[in-house]
Each structure stands twice: as C-alpha cells, then as structure tokens.
>>> print(open('entry09.tsv').read())   # TSV, C-alpha atoms
chain	number	residue	atom	x	y	z
A	1	MET	CA	69.30	-140.98	-9.26
A	2	LEU	CA	70.66	-141.29	-5.75
A	3	SER	CA	71.53	-144.94	-6.12
A	4	GLN	CA	73.27	-144.22	-9.38
A	5	ARG	CA	75.31	-141.39	-7.81
A	6	LYS	CA	76.12	-143.53	-4.83
A	7	PHE	CA	77.40	-146.19	-7.17
A	8	GLU	CA	79.55	-143.70	-9.05
A	9	ILE	CA	81.15	-142.24	-5.94
A	10	GLY	CA	81.21	-145.53	-4.09
A	11	GLU	CA	82.95	-147.19	-6.99
A	12	GLY	CA	85.43	-144.31	-7.20
A	13	ILE	CA	86.42	-144.37	-3.59
A	14	GLN	CA	87.13	-148.08	-3.61
A	15	ASP	CA	90.34	-147.18	-5.36
A	16	PHE	CA	92.63	-144.74	-3.56
A	17	ASN	CA	94.11	-143.49	-6.81
A	18	GLN	CA	90.71	-142.45	-8.05
A	19	MET	CA	89.95	-140.88	-4.73
A	20	GLU	CA	93.19	-138.92	-4.89
A	21	SER	CA	92.32	-137.59	-8.32
A	22	TYR	CA	88.87	-136.70	-7.03
A	23	LEU	CA	90.43	-134.81	-4.11
A	24	GLY	CA	92.85	-133.12	-6.47
A	25	ARG	CA	89.97	-131.84	-8.60
A	26	ALA	CA	87.86	-130.73	-5.67
A	27	LEU	CA	90.64	-129.04	-3.71
A	28	ALA	CA	91.81	-126.77	-6.49
A	29	PRO	CA	93.92	-123.78	-5.39
A	30	ILE	CA	92.20	-120.42	-5.60
A	31	SER	CA	93.72	-116.97	-5.93
A	32	PRO	CA	93.13	-114.22	-3.40
A	33	ARG	CA	91.71	-110.94	-4.68
A	34	LYS	CA	94.46	-108.77	-6.16
A	35	GLU	CA	93.06	-105.77	-4.32
A	36	PHE	CA	93.38	-107.59	-0.99
A	37	VAL	CA	96.95	-108.71	-1.74
A	38	ASP	CA	98.01	-105.20	-2.76
A	39	ASN	CA	96.32	-103.54	0.21
A	40	LEU	CA	97.91	-105.90	2.67
A	41	ARG	CA	101.30	-105.39	1.04
A	42	GLY	CA	100.85	-101.66	1.56
A	43	ARG	CA	99.76	-102.07	5.15
A	44	LEU	CA	102.75	-104.26	5.93
A	45	ALA	CA	105.11	-101.73	4.37
A	46	ASN	CA	103.62	-98.86	6.36
A	47	SER	CA	103.24	-100.71	9.61
A	48	PRO	CA	105.20	-99.03	12.43
A	49	GLN	CA	106.09	-102.44	13.76
A	50	SER	CA	108.06	-103.33	10.66
A	51	ASN	CA	111.32	-102.37	12.27
A	52	THR	CA	110.84	-104.51	15.31
A	53	ARG	CA	113.67	-106.92	15.68
A	54	GLY	CA	114.78	-109.36	18.35
A	55	LEU	CA	117.53	-108.77	20.87
A	56	SER	CA	121.07	-109.62	19.86
A	57	THR	CA	123.07	-111.96	22.11
A	58	ILE	CA	125.04	-109.07	23.65
A	59	GLU	CA	121.84	-107.11	24.34
A	60	TYR	CA	120.25	-110.20	25.79
A	61	LEU	CA	123.25	-110.80	28.10
A	62	PHE	CA	123.28	-107.15	29.16
A	63	PHE	CA	119.61	-107.16	30.11
A	64	ALA	CA	119.90	-110.53	31.83
A	65	THR	CA	122.89	-109.33	33.93
A	66	ALA	CA	121.15	-106.05	34.76
A	67	GLY	CA	118.08	-107.96	35.83
A	68	LEU	CA	120.13	-110.30	38.00
A	69	VAL	CA	122.04	-107.47	39.72
A	70	SER	CA	118.81	-105.55	40.32
A	71	SER	CA	117.20	-108.64	41.84
A	72	LEU	CA	120.19	-109.19	44.12
A	73	LEU	CA	120.18	-105.57	45.29
A	74	LEU	CA	116.47	-105.78	45.95
A	75	LEU	CA	116.99	-108.99	47.92
A	76	ILE	CA	119.75	-107.45	50.03
A	77	ALA	CA	117.66	-104.34	50.69
A	78	SER	CA	114.71	-106.54	51.69
A	79	ILE	CA	116.87	-108.58	54.10
A	80	ARG	CA	118.24	-105.41	55.70
A	81	ALA	CA	114.73	-104.00	56.06
A	82	CYS	CA	113.56	-107.24	57.70
A	83	LEU	CA	116.47	-107.25	60.14
A	84	ALA	CA	115.82	-103.62	61.05
A	85	LEU	CA	112.16	-104.41	61.59
A	86	ILE	CA	113.00	-107.38	63.83
A	87	GLY	CA	115.33	-105.19	65.83
A	88	ALA	CA	112.69	-102.53	66.20
A	89	LEU	CA	110.08	-105.08	67.31
A	90	LYS	CA	112.46	-106.48	69.94
A	91	TYR	CA	113.05	-103.03	71.28
A	92	LEU	CA	109.32	-102.29	71.45
A	93	ARG	CA	108.60	-105.54	73.29
A	94	HIS	CA	111.35	-105.13	75.88
A	95	PRO	CA	112.08	-101.42	76.17
A	96	ARG	CA	113.05	-101.68	79.92
A	97	ASN	CA	115.79	-104.18	79.29
A	98	SER	CA	117.38	-101.73	77.01
A	99	ILE	CA	117.04	-98.93	79.64
A	100	ASP	CA	118.28	-101.19	82.53
A	101	LYS	CA	121.34	-102.13	80.60
A	102	SER	CA	122.25	-98.54	80.06
A	103	GLY	CA	121.57	-97.79	83.75
A	104	PRO	CA	119.77	-94.88	85.42
A	105	VAL	CA	120.72	-91.45	84.40
A	106	SER	CA	122.30	-89.55	87.22
A	107	LEU	CA	121.49	-85.91	87.48
A	108	ILE	CA	124.20	-85.26	90.07
B	109	MET	CA	117.48	-113.00	-9.73
B	110	GLN	CA	115.34	-114.35	-6.93
B	111	LEU	CA	116.95	-114.27	-3.51
B	112	ASN	CA	116.46	-117.35	-1.39
B	113	ASP	CA	114.40	-117.33	1.76
B	114	ASP	CA	117.39	-117.34	4.12
B	115	ILE	CA	118.84	-114.12	2.73
B	116	LEU	CA	115.45	-112.42	2.69
B	117	LEU	CA	114.80	-113.62	6.22
B	118	SER	CA	118.02	-112.18	7.61
B	119	GLN	CA	117.34	-108.88	5.84
B	120	ALA	CA	113.74	-108.82	7.07
B	121	ALA	CA	114.93	-109.53	10.62
B	122	GLN	CA	117.10	-106.41	10.39
B	123	GLY	CA	113.99	-104.38	9.57
B	124	ASP	CA	114.19	-104.46	5.78
B	125	GLN	CA	110.58	-103.98	4.72
B	126	GLU	CA	111.27	-104.77	1.08
B	127	ALA	CA	112.69	-108.14	2.05
B	128	PHE	CA	109.64	-108.93	4.14
B	129	GLY	CA	107.47	-107.77	1.24
B	130	SER	CA	109.19	-110.23	-1.05
B	131	LEU	CA	108.58	-113.05	1.41
B	132	TYR	CA	104.98	-111.95	1.69
B	133	GLU	CA	104.48	-112.06	-2.09
B	134	ARG	CA	106.09	-115.46	-2.23
B	135	TYR	CA	103.80	-117.03	0.38
B	136	VAL	CA	100.56	-115.06	0.48
B	137	ASP	CA	98.74	-117.32	-2.00
B	138	ARG	CA	99.69	-120.48	-0.18
B	139	ILE	CA	98.72	-119.19	3.25
B	140	TYR	CA	95.49	-117.75	1.89
B	141	ASN	CA	94.55	-121.08	0.29
B	142	TYR	CA	95.37	-122.99	3.43
B	143	ILE	CA	93.19	-120.72	5.56
B	144	PHE	CA	90.42	-120.57	2.99
B	145	TYR	CA	90.01	-124.34	2.90
B	146	ARG	CA	90.19	-124.54	6.68
B	147	THR	CA	87.56	-121.84	7.29
B	148	GLY	CA	85.41	-122.13	4.17
B	149	ASN	CA	84.78	-118.47	3.50
B	150	LEU	CA	86.57	-115.66	1.76
B	151	HIS	CA	86.08	-112.99	4.37
B	152	ASP	CA	87.67	-114.94	7.21
B	153	ALA	CA	90.40	-116.18	4.89
B	154	GLU	CA	91.41	-112.61	4.16
B	155	ASP	CA	91.14	-111.56	7.78
B	156	LEU	CA	93.25	-114.45	9.07
B	157	THR	CA	95.79	-114.17	6.25
B	158	GLU	CA	96.33	-110.57	7.23
B	159	ARG	CA	96.81	-111.57	10.85
B	160	VAL	CA	99.31	-114.27	9.91
B	161	PHE	CA	101.55	-111.83	8.08
B	162	LEU	CA	101.23	-109.09	10.67
B	163	ARG	CA	102.19	-111.55	13.37
B	164	ALA	CA	105.04	-112.90	11.27
B	165	MET	CA	106.35	-109.40	10.70
B	166	ARG	CA	106.12	-108.55	14.38
B	167	HIS	CA	108.07	-111.64	15.40
B	168	ILE	CA	110.42	-112.08	12.49
B	169	GLY	CA	113.28	-110.71	14.59
B	170	ASN	CA	112.84	-113.64	16.93
B	171	TYR	CA	112.70	-116.19	14.13
B	172	LYS	CA	115.31	-118.87	14.70
B	173	ASP	CA	116.39	-121.12	11.90
B	174	ARG	CA	116.03	-124.63	13.31
B	175	GLY	CA	116.30	-126.35	9.98
B	176	LEU	CA	112.65	-125.76	9.16
B	177	PRO	CA	111.68	-123.79	6.07
B	178	PHE	CA	110.19	-120.35	6.58
B	179	SER	CA	106.93	-121.62	5.09
B	180	ALA	CA	106.63	-124.12	7.95
B	181	TRP	CA	106.80	-121.24	10.41
B	182	LEU	CA	104.06	-119.37	8.52
B	183	TYR	CA	101.87	-122.46	8.31
B	184	ARG	CA	102.20	-122.95	12.04
B	185	ILE	CA	101.11	-119.40	12.70
B	186	ALA	CA	98.20	-119.93	10.31
B	187	HIS	CA	97.34	-123.23	11.94
B	188	ASN	CA	97.24	-121.65	15.41
B	189	LEU	CA	95.09	-118.77	14.24
B	190	VAL	CA	92.67	-121.09	12.47
B	191	ALA	CA	92.45	-123.28	15.59
B	192	ASN	CA	91.64	-120.19	17.67
B	193	TRP	CA	89.09	-119.12	15.08
B	194	HIS	CA	87.33	-122.49	15.27
B	195	ARG	CA	87.39	-122.42	19.05
B	196	ASP	CA	86.12	-118.86	19.32
B	197	ASN	CA	83.39	-119.15	16.72
B	198	ASN	CA	82.45	-122.76	17.24
B	199	ARG	CA	81.07	-122.87	13.74
B	200	ARG	CA	83.15	-125.59	12.25
B	201	LYS	CA	80.16	-127.65	11.22
B	202	GLU	CA	78.04	-124.86	9.87
B	203	ILE	CA	80.44	-123.14	7.54
B	204	PRO	CA	78.70	-121.87	4.44
B	205	LEU	CA	80.43	-122.71	1.21
B	206	ASP	CA	81.55	-119.50	-0.39
B	207	GLU	CA	81.12	-118.64	-4.00
B	208	GLY	CA	84.86	-119.04	-4.38
B	209	LEU	CA	84.61	-122.73	-3.67
B	210	LEU	CA	81.73	-123.22	-6.01
B	211	THR	CA	83.09	-121.53	-9.08
B	212	SER	CA	81.44	-122.74	-12.22
B	213	HIS	CA	83.22	-124.19	-15.20
B	214	GLN	CA	82.24	-122.25	-18.27
B	215	GLY	CA	80.76	-124.29	-21.08
B	216	GLU	CA	79.63	-127.15	-18.86
B	217	HIS	CA	76.11	-128.41	-19.16
B	218	PRO	CA	74.09	-126.95	-16.25
B	219	GLU	CA	73.13	-130.39	-14.96
B	220	THR	CA	76.71	-131.67	-15.13
B	221	GLU	CA	77.90	-128.55	-13.39
B	222	LEU	CA	75.31	-128.93	-10.68
B	223	LEU	CA	76.37	-132.53	-10.08
B	224	ARG	CA	80.01	-131.51	-9.97
B	225	LEU	CA	79.30	-128.77	-7.45
B	226	GLU	CA	77.22	-131.15	-5.34
B	227	GLU	CA	80.05	-133.64	-5.30
B	228	ARG	CA	82.51	-130.99	-4.35
B	229	GLU	CA	80.28	-129.69	-1.59
B	230	ARG	CA	79.88	-133.21	-0.27
B	231	LEU	CA	83.61	-133.77	-0.32
B	232	LEU	CA	84.30	-130.56	1.58
B	233	ARG	CA	81.63	-131.47	4.10
B	234	VAL	CA	83.32	-134.80	4.65
B	235	ILE	CA	86.72	-133.15	4.99
B	236	ARG	CA	85.41	-130.75	7.64
B	237	VAL	CA	84.28	-133.52	9.95
B	238	LEU	CA	87.78	-134.98	9.96
B	239	PRO	CA	90.14	-134.16	12.86
B	240	GLU	CA	92.19	-131.00	12.42
B	241	ASP	CA	95.47	-132.73	11.65
B	242	ARG	CA	93.86	-134.74	8.85
B	243	GLN	CA	92.26	-131.65	7.33
B	244	GLN	CA	95.64	-129.95	7.46
B	245	LEU	CA	97.30	-132.90	5.77
B	246	LEU	CA	94.78	-132.99	2.90
B	247	ILE	CA	95.02	-129.27	2.26
B	248	LEU	CA	98.81	-129.27	2.30
B	249	LYS	CA	98.87	-132.25	-0.03
B	250	PHE	CA	96.18	-131.34	-2.55
B	251	VAL	CA	95.90	-127.56	-2.41
B	252	GLU	CA	99.54	-126.74	-1.74
B	253	HIS	CA	100.96	-129.80	-3.54
B	254	LEU	CA	103.61	-130.40	-0.88
B	255	SER	CA	105.50	-133.65	-0.53
B	256	ASN	CA	105.13	-135.90	2.51
B	257	ALA	CA	108.56	-134.76	3.73
B	258	GLU	CA	107.56	-131.10	3.53
B	259	ILE	CA	104.25	-131.81	5.23
B	260	GLY	CA	106.15	-133.64	7.94
B	261	LEU	CA	108.29	-130.57	8.58
B	262	ILE	CA	105.24	-128.37	8.89
B	263	MET	CA	103.27	-130.76	11.07
B	264	GLY	CA	106.22	-131.82	13.18
B	265	ARG	CA	106.00	-135.48	12.15
B	266	THR	CA	108.23	-137.89	10.33
B	267	GLU	CA	107.63	-138.67	6.67
B	268	GLY	CA	106.50	-142.17	7.62
B	269	ALA	CA	104.03	-140.81	10.14
B	270	VAL	CA	102.60	-138.52	7.47
B	271	LYS	CA	102.20	-141.43	5.06
B	272	SER	CA	100.47	-143.45	7.71
B	273	LEU	CA	98.17	-140.59	8.67
B	274	TYR	CA	97.34	-140.04	5.00
B	275	HIS	CA	96.37	-143.65	4.53
B	276	ARG	CA	94.17	-143.60	7.63
B	277	THR	CA	92.63	-140.35	6.42
B	278	LEU	CA	91.63	-141.86	3.09
B	279	LEU	CA	90.09	-144.83	4.87
B	280	ALA	CA	88.19	-142.53	7.22
B	281	MET	CA	86.99	-140.45	4.29
B	282	ARG	CA	85.68	-143.50	2.51
B	283	ASP	CA	83.63	-144.37	5.59
B	284	GLU	CA	82.43	-140.79	5.94
B	285	PHE	CA	81.37	-140.78	2.30
B	286	ASP	CA	79.20	-143.78	2.90
B	287	VAL	CA	77.59	-142.18	5.96
B	288	ASP	CA	77.12	-138.91	4.15
B	289	LEU	CA	75.51	-140.57	1.15
B	290	LEU	CA	73.15	-142.57	3.31
B	291	SER	CA	72.09	-139.50	5.25
B	292	SER	CA	71.60	-137.32	2.16
>>> encode(input="entry09.tsv", output="structure tokens")
Amino acid sequence: MLSQRKFEIGEGIQDFNQMESYLGRALAPISPRKEFVDNLRGRLANSPQSNTRGLSTIEYLFFATAGLVSSLLLLIASIRACLALIGALKYLRHPRNSIDKSGPVSLI
Amino acid sequence: MQLNDDILLSQAAQGDQEAFGSLYERYVDRIYNYIFYRTGNLHDAEDLTERVFLRAMRHIGNYKDRGLPFSAWLYRIAHNLVANWHRDNNRRKEIPLDEGLLTSHQGEHPETELLRLEERERLLRVIRVLPEDRQQLLILKFVEHLSNAEIGLIMGRTEGAVKSLYHRTLLAMRDEFDVDLLSS
C-alpha cells in the first residue's frame, strides 16, 4: 500500500505541472464563517478609533515647528541655569575675593 | 457601481466608516484564507484576521500610496502578525489540522476520501516545514490565485525573483515529499 502510494505521489511530483495541479487542489480557498464576518464588520463600524486619521502636512509642520521652538527655549533656559550655577559656585568658593574687591564697609 | 480602492482609501482615511467597510468586505476572505493556511486553525485565523483589520483601520490615515496596491499593505500587516504569532506560540510544527482543512467531498467513496485527506494533510505538513517566504509564496499563488507580479509587490521582490523562488520551492517540496514518505 505504502509503496504504491509512494509511486503515485513520487510519479506526480516528477512533473511540476502535476505538482502544481496537486497544490491547486489541496490549497483550495475556504470561506470564513458569515457570523464572524458580520460581527467584525459591526465591530469595525462601531470602533471609536474609526475616525483616527493621520496629520496633514500643515499640521505636521506646525507641530514640528512648535517642537523645535520649545526645544530651543528649553536649551537656552538650561544654558542660563548652568551659567548661574557656575557663578554661584565661584562665589561660594571665593567669597572673600568678592568682599575684598568691594572693600571694607566704613561705619564712620 | 463599485468604487476603486484608491477612492475608498481616501474616503476611509478621512474617517468614512462605510468606505472602510467596503474595503473590509472586499478583502476579508483573502486575508482570512492567507492567515488560515499560515496558522492551520480556524480560531487563530479569525483572531488574527480581526487584528489585521483593526490595525489597518487604526493606521489607515497614515497609509501612503507608494504604488503598491492596498491588498499588499494588508498582506504585510497579516504577514507580520502571523510571524509574531509563530514566534510567540512556537507551535509551527505542531499545528493541528482543523476540520476546515479536511472538509469531505460528498459522494466520495470513504476509502478514496481518506486517501485524499491523507495526501492533503501530508502536503500541508510539507508546506509548513518550508521557510516563511516560501509558504507565503505558495499561499498567495494557489489560495489567492495572484500572479507573480502581484506576489512580487506584496513580498517586495521582483517578478523574476518570485519565479526563481517558486522554482526552488517546488524542488524543495519534492525533496521534502520524499523524506516525509520515507518517515511515514
């Protein structure tokens, strides 16, 4: 039985055309359940995300520019904060120099 | 009159649910079949088909027409989801054959039918040990009846590359058949 079946299939697959027809028979399309198709159709129609759409070019440019300006402002603010911090550290390390430069306070 | 995909796509991208519904009805069978033959069971085919269309709907506003048909975009989503499914479940080689695959032909002699189903089961087993791209090619060609050019668009290959891959796939299948027959 096995040898006979092997012969049948083995003989068939020697020829690509026969193999193609064999594949065509075996890989027949199937239909999804109608209930599934209808339910999914309903879910897609009622999905709150249905109205989601991509950004238009103008919207994209607006958000890109806003992002760039915000980043620049943040950078400037950070640099100013760093400079202020450096200044404060210098003052803390050498507080006398600052006092000497201004001179003693005369009470007279 | 049936609107073409481009018009429906632009309407769907503007949030027209009816337009997306029409696209869904046009492609649901194809996507379902593709997933079914890649996973081998009805339950996962339904689950993944649903995910494909939900994802497509969520991102349809970002869809850019790059000369590819809309179906190619859907197949790519399906392909990615199926690849994730195989990776997550790691059950590629132990997929049970669902009743949907083994539908009987009425009026056939029971023995003939049994032989036919055995052959079909063997064929599907051989297909499942092929690399993913080859499985995809066979399903698109025989289940979806797409041309080499259309398959090329979906798989991101030239028509010649698809032809070549197809030829190598048939050769590999012939070898696999021999191995499968010897082991059974």
>>> interface_residues(input="entry09.tsv", of="chain B", to="chain A", cutoff="8 Å", atoms="all atoms listed in the file", output="PyMOL selection string")
chain B and resi 121-126+129+132+136-137+140-141+154+158+161-162+165-170+208+228+231+247+250-252+278+282+285-286+289
>>> atom_distance(input="entry09.tsv", atom1="CA of Asn112 (chain B)", atom2="CA of Leu131 (chain B)")
9.4 Å
>>> residues_near_point(input="entry09.tsv", point="(93.4, -111.2, 10.5)", cutoff="12 Å", atoms="all atoms listed in the file", output="ChimeraX atom specification")
/A:40 /B:140,143,150-164,185-186,189-190,192-193
>>> atom_distance(input="entry09.tsv", atom1="CA of Ala191 (chain B)", atom2="CA of Gly268 (chain B)")
24.9 Å
>>> atom_distance(input="entry09.tsv", atom1="CA of Gln244 (chain B)", atom2="CA of Leu261 (chain B)")
12.7 Å
>>> build_atoms(input="entry09.tsv", residues="region 152-188 of chain B", atoms="N, CA and C atoms", output="CSV table (one decimal), in the frame of the given file")
chain,number,residue,atom,x,y,z
B,152,ASP,N,86.8,-114.5,6.1
B,152,ASP,CA,87.7,-114.9,7.2
B,152,ASP,C,89.0,-115.3,6.7
B,153,ALA,N,89.1,-115.8,5.5
B,153,ALA,CA,90.4,-116.2,4.9
B,153,ALA,C,91.3,-114.9,4.7
B,154,GLU,N,90.7,-113.9,4.3
B,154,GLU,CA,91.4,-112.6,4.2
B,154,GLU,C,91.8,-112.1,5.5
B,155,ASP,N,90.9,-112.1,6.4
B,155,ASP,CA,91.1,-111.6,7.8
B,155,ASP,C,92.3,-112.3,8.5
B,156,LEU,N,92.2,-113.6,8.4
B,156,LEU,CA,93.2,-114.4,9.1
B,156,LEU,C,94.6,-114.4,8.3
B,157,THR,N,94.5,-114.3,7.0
B,157,THR,CA,95.8,-114.2,6.2
B,157,THR,C,96.5,-112.9,6.7
B,158,GLU,N,95.7,-111.8,6.8
B,158,GLU,CA,96.3,-110.6,7.2
B,158,GLU,C,97.0,-110.7,8.6
B,159,ARG,N,96.3,-111.4,9.5
B,159,ARG,CA,96.8,-111.6,10.8
B,159,ARG,C,98.1,-112.4,10.8
B,160,VAL,N,98.1,-113.4,10.0
B,160,VAL,CA,99.3,-114.3,9.9
B,160,VAL,C,100.5,-113.4,9.6
B,161,PHE,N,100.4,-112.6,8.5
B,161,PHE,CA,101.6,-111.8,8.1
B,161,PHE,C,101.9,-110.7,9.0
B,162,LEU,N,100.9,-110.1,9.7
B,162,LEU,CA,101.2,-109.1,10.7
B,162,LEU,C,102.0,-109.7,11.9
B,163,ARG,N,101.5,-110.9,12.2
B,163,ARG,CA,102.2,-111.6,13.4
B,163,ARG,C,103.6,-112.0,13.0
B,164,ALA,N,103.7,-112.5,11.7
B,164,ALA,CA,105.0,-112.9,11.3
B,164,ALA,C,106.0,-111.7,11.2
B,165,MET,N,105.5,-110.6,10.8
B,165,MET,CA,106.4,-109.4,10.7
B,165,MET,C,106.8,-108.9,12.1
B,166,ARG,N,105.8,-109.0,13.0
B,166,ARG,CA,106.1,-108.6,14.4
B,166,ARG,C,107.2,-109.4,15.0
B,167,HIS,N,107.2,-110.7,14.7
B,167,HIS,CA,108.1,-111.6,15.4
B,167,HIS,C,109.2,-112.1,14.5
B,168,ILE,N,109.4,-111.5,13.4
B,168,ILE,CA,110.4,-112.1,12.5
B,168,ILE,C,111.8,-111.9,13.1
B,169,GLY,N,112.0,-110.9,13.9
B,169,GLY,CA,113.3,-110.7,14.6
B,169,GLY,C,113.6,-111.8,15.5
B,170,ASN,N,112.6,-112.5,16.0
B,170,ASN,CA,112.8,-113.6,16.9
B,170,ASN,C,112.9,-115.0,16.2
B,171,TYR,N,112.7,-114.9,14.9
B,171,TYR,CA,112.7,-116.2,14.1
B,171,TYR,C,114.1,-116.9,14.2
B,172,LYS,N,114.1,-118.1,14.6
B,172,LYS,CA,115.3,-118.9,14.7
B,172,LYS,C,115.3,-120.0,13.7
B,173,ASP,N,116.3,-120.1,12.9
B,173,ASP,CA,116.4,-121.1,11.9
B,173,ASP,C,116.8,-122.4,12.6
B,174,ARG,N,115.8,-123.3,12.7
B,174,ARG,CA,116.0,-124.6,13.3
B,174,ARG,C,116.0,-125.7,12.3
B,175,GLY,N,116.3,-125.4,11.1
B,175,GLY,CA,116.3,-126.4,10.0
B,175,GLY,C,115.0,-126.5,9.3
B,176,LEU,N,114.0,-125.7,9.8
B,176,LEU,CA,112.6,-125.8,9.2
B,176,LEU,C,112.6,-124.6,8.1
B,177,PRO,N,111.9,-124.9,7.0
B,177,PRO,CA,111.7,-123.8,6.1
B,177,PRO,C,110.8,-122.7,6.7
B,178,PHE,N,111.0,-121.5,6.1
B,178,PHE,CA,110.2,-120.4,6.6
B,178,PHE,C,108.7,-120.6,6.4
B,179,SER,N,108.3,-121.3,5.3
B,179,SER,CA,106.9,-121.6,5.1
B,179,SER,C,106.3,-122.4,6.2
B,180,ALA,N,107.1,-123.3,6.8
B,180,ALA,CA,106.6,-124.1,8.0
B,180,ALA,C,106.2,-123.2,9.1
B,181,TRP,N,107.1,-122.2,9.3
B,181,TRP,CA,106.8,-121.2,10.4
B,181,TRP,C,105.5,-120.5,10.1
B,182,LEU,N,105.3,-120.1,8.9
B,182,LEU,CA,104.1,-119.4,8.5
B,182,LEU,C,102.8,-120.3,8.7
B,183,TYR,N,103.0,-121.5,8.2
B,183,TYR,CA,101.9,-122.5,8.3
B,183,TYR,C,101.5,-122.7,9.8
B,184,ARG,N,102.5,-122.7,10.6
B,184,ARG,CA,102.2,-123.0,12.0
B,184,ARG,C,101.4,-121.8,12.6
B,185,ILE,N,101.9,-120.6,12.2
B,185,ILE,CA,101.1,-119.4,12.7
B,185,ILE,C,99.7,-119.5,12.2
B,186,ALA,N,99.5,-119.8,10.9
B,186,ALA,CA,98.2,-119.9,10.3
B,186,ALA,C,97.4,-121.0,11.0
B,187,HIS,N,98.0,-122.1,11.3
B,187,HIS,CA,97.3,-123.2,11.9
B,187,HIS,C,96.8,-122.8,13.3
B,188,ASN,N,97.7,-122.1,14.1
B,188,ASN,CA,97.2,-121.6,15.4
B,188,ASN,C,96.1,-120.7,15.3
